[in-house]
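Take a look at the structure set out below.
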Amino acid sequence: VYTSHGRIFGFVAGCICMALFLQQSGFLTHDTMHNHLFHNRKIDQKVGWFFGCVCFGISSKWWRDEHNEHHLYTNTLVDGVGVSDPQMFEAVWVQDPKLIPFLWKPVVKFILKFQKYYFVPICVLLGPYGIRVNSLVSERRIGELMGIALHYAWLTVFVSTCFKTWKEGVLFVAIGLLGTGVLSIQLLVSHYSKPFEEKDVVNKNAGSWAERQVDAIVDISCPPFMDWFHGGLNLHSPHHLFPRMARCYYREVHQDVVDMCKKHGVELEVRPWFDAVRATLKHLGNIEHDLIVMKDLGSDKKTN
């Protein structure tokens with residue numbers, strides 16, 4: 001798509017293709033580490049290594065290990081352990097008051113006041129780099145590190161041979177990575193506006209495991225032809241209820257999930273993409289107000 005003649009259209013189109021390649025590599029990593037493609041753990045994990053380490057640039061097994069915890073303890077705190085959903089907690093925002101004890105106290109007020117403004121910029125500008133840094137510093141398995149090394153090797157060859165200057169090539173890759181920042185938003189809006197719960201509280205409630213999964217999820221409504229753009233994860237409830245189910249079945253099963261929730265009086269939140277992003281930003285902005293109300297209520301109880 002990109003030519004060495006310096007055409008702006010070619011450069012921009014190439015950046016979009018780069019972004020889509022990285023984004024879809026991330027989704028294919030998700031599919032294979034869930035054993036969706038071949039339903040053979042050894043084969044799926046090897047293919048996941050290729051898409052995750054070599055193509056996307058993160059450790060596929062590190063991501064798998066964290067993702068398994070995410071499915072087991074979605075938006076959940078465990079007494080004596082802390083935040084047990086590593087993929088839904090970052091020390092740069094507070095999506096639930098229960099997370100405040102795990103943050104550095106001097107910055108909490110700043111986070112509460114401004115997080116609704118910097119959520120999207122951080123996801124887009126820093127998200128693609130943050131996941132790669134976290135993966136690299138956390139991973140010790142030689143095979144995973146070799147795969148990541150291959151990722152940067154082909155990137156280096158690509159930049160050095162396909163562009164007139166290193167500056168131009170690095171700019172191309174950087175813009176492509178910005179495009180994958182959308183992937184960060186896609187993954188977070190499905191959970192960030194939903195509350196965290198303590199494991200012991202969840203266990204004591206009468207609701208089932210399936211009900212807890214639905215309570216912690218926002219589904220994204222979109223036309224079927226856009227499912228590929230979301231990696232199928234726009235229909236997040238089928239994925240969490242049936243983690244081994246391939247994404248090609250999500251749309252068919254989603255209507256069954258909707259009917260089941262309606263039958264049992266369980267609320268399943270479904271929103272269009274931009275509405276889900278707005279709801280997440282509104283939720284982040286309301287946390288400070290909610291804390292003030294909770295504090296005032298606590299003061300009133302003590303006074304009475």
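Please note that chains go A, B, ... in the order of the structure tokens, that every chain numbers its residues from 1, and that ligands are numbered from 1 in the order shown.
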
Alpha helix (DSSP H) per DSSP on the backbone: members of region 123-226 of chain A, as JSON, numbers by chain: {"A": [123, 124, 125, 127, 128, 129, 130, 131, 132, 133, 134, 135, 136, 137, 138, 142, 143, 144, 145, 146, 147, 148, 149, 150, 151, 152, 153, 154, 155, 156, 157, 158, 159, 160, 161, 162, 166, 167, 168, 169, 170, 171, 172, 173, 174, 175, 176, 177, 178, 179, 180, 181, 182, 183, 184, 185, 186, 187, 188, 199, 200, 201, 202, 203, 204, 209, 210, 211, 212, 213, 214, 215]}

Using only C-alpha atoms, I'd like a table of the residues in region 183-228 of chain A that come within 7 Å of region 65-76 of chain A; for each, show the closest atom pair and its distance in Å rounded to one decimal, ordered by chain and ascending number, as a Markdown table.
```
| residue | atom | partner | partner_atom | distance |
| --- | --- | --- | --- | --- |
| A:Pro195 | CA | A:Asn75 | CA | 6.9 |
| A:Phe196 | CA | A:Asn75 | CA | 4.7 |
| A:Glu197 | CA | A:Thr76 | CA | 5.0 |
| A:Glu198 | CA | A:Thr76 | CA | 5.6 |
| A:Lys199 | CA | A:Thr76 | CA | 6.1 |
| A:Ala216 | CA | A:Asn75 | CA | 6.7 |
```

What does the file look like for those residues with C-alpha atoms, as an mmCIF file, in the first residue's frame?
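Everything below was put into result04.cif:
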```cif
data_model
loop_
_atom_site.group_PDB
_atom_site.id
_atom_site.type_symbol
_atom_site.label_atom_id
_atom_site.label_comp_id
_atom_site.auth_asym_id
_atom_site.auth_seq_id
_atom_site.Cartn_x
_atom_site.Cartn_y
_atom_site.Cartn_z
ATOM 1 C CA PRO A 195 -18.968 -2.438 39.883
ATOM 2 C CA PHE A 196 -16.260 -4.446 41.620
ATOM 3 C CA GLU A 197 -17.376 -6.919 44.274
ATOM 4 C CA GLU A 198 -15.590 -8.782 47.046
ATOM 5 C CA LYS A 199 -15.338 -12.527 46.498
ATOM 6 C CA ALA A 216 -19.976 -7.363 35.254
#
```

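Remark: for Ala91 (chain A), the closest of the candidate residues A:Asp290, A:Asp79, A:Ser160, A:Leu112 is A:Leu112 (distances computed over only C-alpha atoms).
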
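Within region 57-174 of chain A, the backbone-based DSSP assignment of strand (DSSP E or B) covers Thr76, Leu77, Val78, Gly82 and Val83 of chain A.
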
With a distance cut-off of 10 Å and only C-alpha atoms, select the neighbouring residues of region 257-267 of chain A, excluding the residue or stretch itself and same-chain residues fewer than 6 positions from it, and output the selection as a PyMOL selection string. chain A and resi 207+210-212+214-215+237-238+241+250-251

Save the residues we just selected, C-alpha atoms, as a PDB file, in the first residue's frame?
```
ATOM      1  CA  GLY A 207     -27.099 -15.324  42.459  1.00  0.00           C
ATOM      2  CA  ALA A 210     -23.628 -16.862  35.331  1.00  0.00           C
ATOM      3  CA  GLU A 211     -25.538 -13.987  36.910  1.00  0.00           C
ATOM      4  CA  ARG A 212     -22.303 -12.555  38.306  1.00  0.00           C
ATOM      5  CA  VAL A 214     -23.665 -10.815  33.304  1.00  0.00           C
ATOM      6  CA  ASP A 215     -23.605  -8.216  36.106  1.00  0.00           C
ATOM      7  CA  SER A 237     -21.722 -12.023  27.557  1.00  0.00           C
ATOM      8  CA  PRO A 238     -21.568 -15.187  25.379  1.00  0.00           C
ATOM      9  CA  LEU A 241     -20.540 -17.470  29.836  1.00  0.00           C
ATOM     10  CA  TYR A 250     -21.600 -15.443  19.573  1.00  0.00           C
ATOM     11  CA  ARG A 251     -24.318 -13.659  17.624  1.00  0.00           C
TER      12      ARG A 251
END
```

Write out as JSON lines a residue-level contact list of region 164-230 of chain A versus region 6-24 of chain A with cut-off 7 Å: for each qualifying residue the closest pair of atoms and the distance in Å to one decimal, counting only C-alpha atoms, rows sorted by chain and residue number upward.
```
{"residue": "A:Phe172", "atom": "CA", "partner": "A:Cys15", "partner_atom": "CA", "distance": 6.0}
{"residue": "A:Ile175", "atom": "CA", "partner": "A:Cys15", "partner_atom": "CA", "distance": 6.2}
{"residue": "A:Gly176", "atom": "CA", "partner": "A:Ala19", "partner_atom": "CA", "distance": 4.3}
{"residue": "A:Leu177", "atom": "CA", "partner": "A:Ala19", "partner_atom": "CA", "distance": 6.0}
{"residue": "A:Gly179", "atom": "CA", "partner": "A:Ala19", "partner_atom": "CA", "distance": 5.0}
{"residue": "A:Thr180", "atom": "CA", "partner": "A:Ala19", "partner_atom": "CA", "distance": 5.4}
{"residue": "A:Leu183", "atom": "CA", "partner": "A:Gln23", "partner_atom": "CA", "distance": 6.4}
```

Write the selection just made, keeping N, CA and C atoms, as an mmCIF file, in the first residue's frame?
```
data_model
loop_
_atom_site.group_PDB
_atom_site.id
_atom_site.type_symbol
_atom_site.label_atom_id
_atom_site.label_comp_id
_atom_site.auth_asym_id
_atom_site.auth_seq_id
_atom_site.Cartn_x
_atom_site.Cartn_y
_atom_site.Cartn_z
ATOM 1 N N PHE A 172 5.764 5.811 10.908
ATOM 2 C CA PHE A 172 4.753 4.907 10.350
ATOM 3 C C PHE A 172 4.298 3.889 11.400
ATOM 4 N N ILE A 175 2.338 5.560 14.346
ATOM 5 C CA ILE A 175 0.944 5.882 14.005
ATOM 6 C C ILE A 175 0.112 4.607 13.968
ATOM 7 N N GLY A 176 0.699 3.519 13.443
ATOM 8 C CA GLY A 176 -0.001 2.246 13.440
ATOM 9 C C GLY A 176 -0.320 1.774 14.849
ATOM 10 N N LEU A 177 0.606 1.976 15.777
ATOM 11 C CA LEU A 177 0.372 1.596 17.177
ATOM 12 C C LEU A 177 -0.718 2.458 17.807
ATOM 13 N N GLY A 179 -3.301 3.477 16.350
ATOM 14 C CA GLY A 179 -4.559 2.888 15.907
ATOM 15 C C GLY A 179 -4.965 1.701 16.769
ATOM 16 N N THR A 180 -3.972 0.955 17.280
ATOM 17 C CA THR A 180 -4.302 -0.189 18.126
ATOM 18 C C THR A 180 -4.737 0.252 19.522
ATOM 19 N N LEU A 183 -8.048 -0.744 20.457
ATOM 20 C CA LEU A 183 -8.196 -2.071 21.056
ATOM 21 C C LEU A 183 -8.284 -1.978 22.581
#
```

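For the pair CA of Val173 (chain A) and CA of Gln186 (chain A), the interatomic distance is 20.7 Å.
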
Close residues, Phe114 (chain A) itself excluded, 10 Å, only C-alpha atoms, min 6 positions apart in chain, as an mmCIF file with C-alpha atoms, in the first residue's frame:
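Dumped to part_7.cif:
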```
data_model
loop_
_atom_site.group_PDB
_atom_site.id
_atom_site.type_symbol
_atom_site.label_atom_id
_atom_site.label_comp_id
_atom_site.auth_asym_id
_atom_site.auth_seq_id
_atom_site.Cartn_x
_atom_site.Cartn_y
_atom_site.Cartn_z
ATOM 1 C CA TRP A 93 -7.831 5.477 37.277
ATOM 2 C CA LEU A 284 -15.510 7.608 35.805
ATOM 3 C CA GLY A 285 -16.631 11.192 36.297
ATOM 4 C CA GLU A 288 -15.791 11.461 42.928
#
```

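Counting only C-alpha atoms, the residue from A:Phe158, A:Tyr152, A:Tyr118, A:Tyr192 that sits nearest to His283 (chain A) is A:Tyr192.
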
All residues 12 Å or closer to region 146-150 of chain A, only C-alpha atoms, same chain fewer than 3 positions away omitted, as JSON, numbers by chain: {"A": [46, 47, 48, 49, 50, 51, 52, 53, 54, 55, 56, 57, 58, 59, 60, 61, 62, 132, 133, 135, 136, 137, 139, 140, 141, 142, 143, 153, 154, 155, 156, 157]}

Distance query Ser184 (chain A) at most 9 Å, only C-alpha atoms, self and fewer than 6 positions along chain excluded, as a VMD selection string: chain A and resid 123 to 124 127 to 128

Which neighbours of region 37-42 of chain A fall inside 9 Å, counting only C-alpha atoms, when residues of the same chain fewer than 4 positions from it are skipped, and could you give them as a list in words? Leu28, Asp31, Thr32, Met33, Lys46, Val47, Arg244 and Ala246 of chain A

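Each of A:Phe225, A:Leu145, A:Val277, A:Phe242 was compared to His191 (chain A) using only C-alpha atoms, and A:Val277 turns out to be the nearest.
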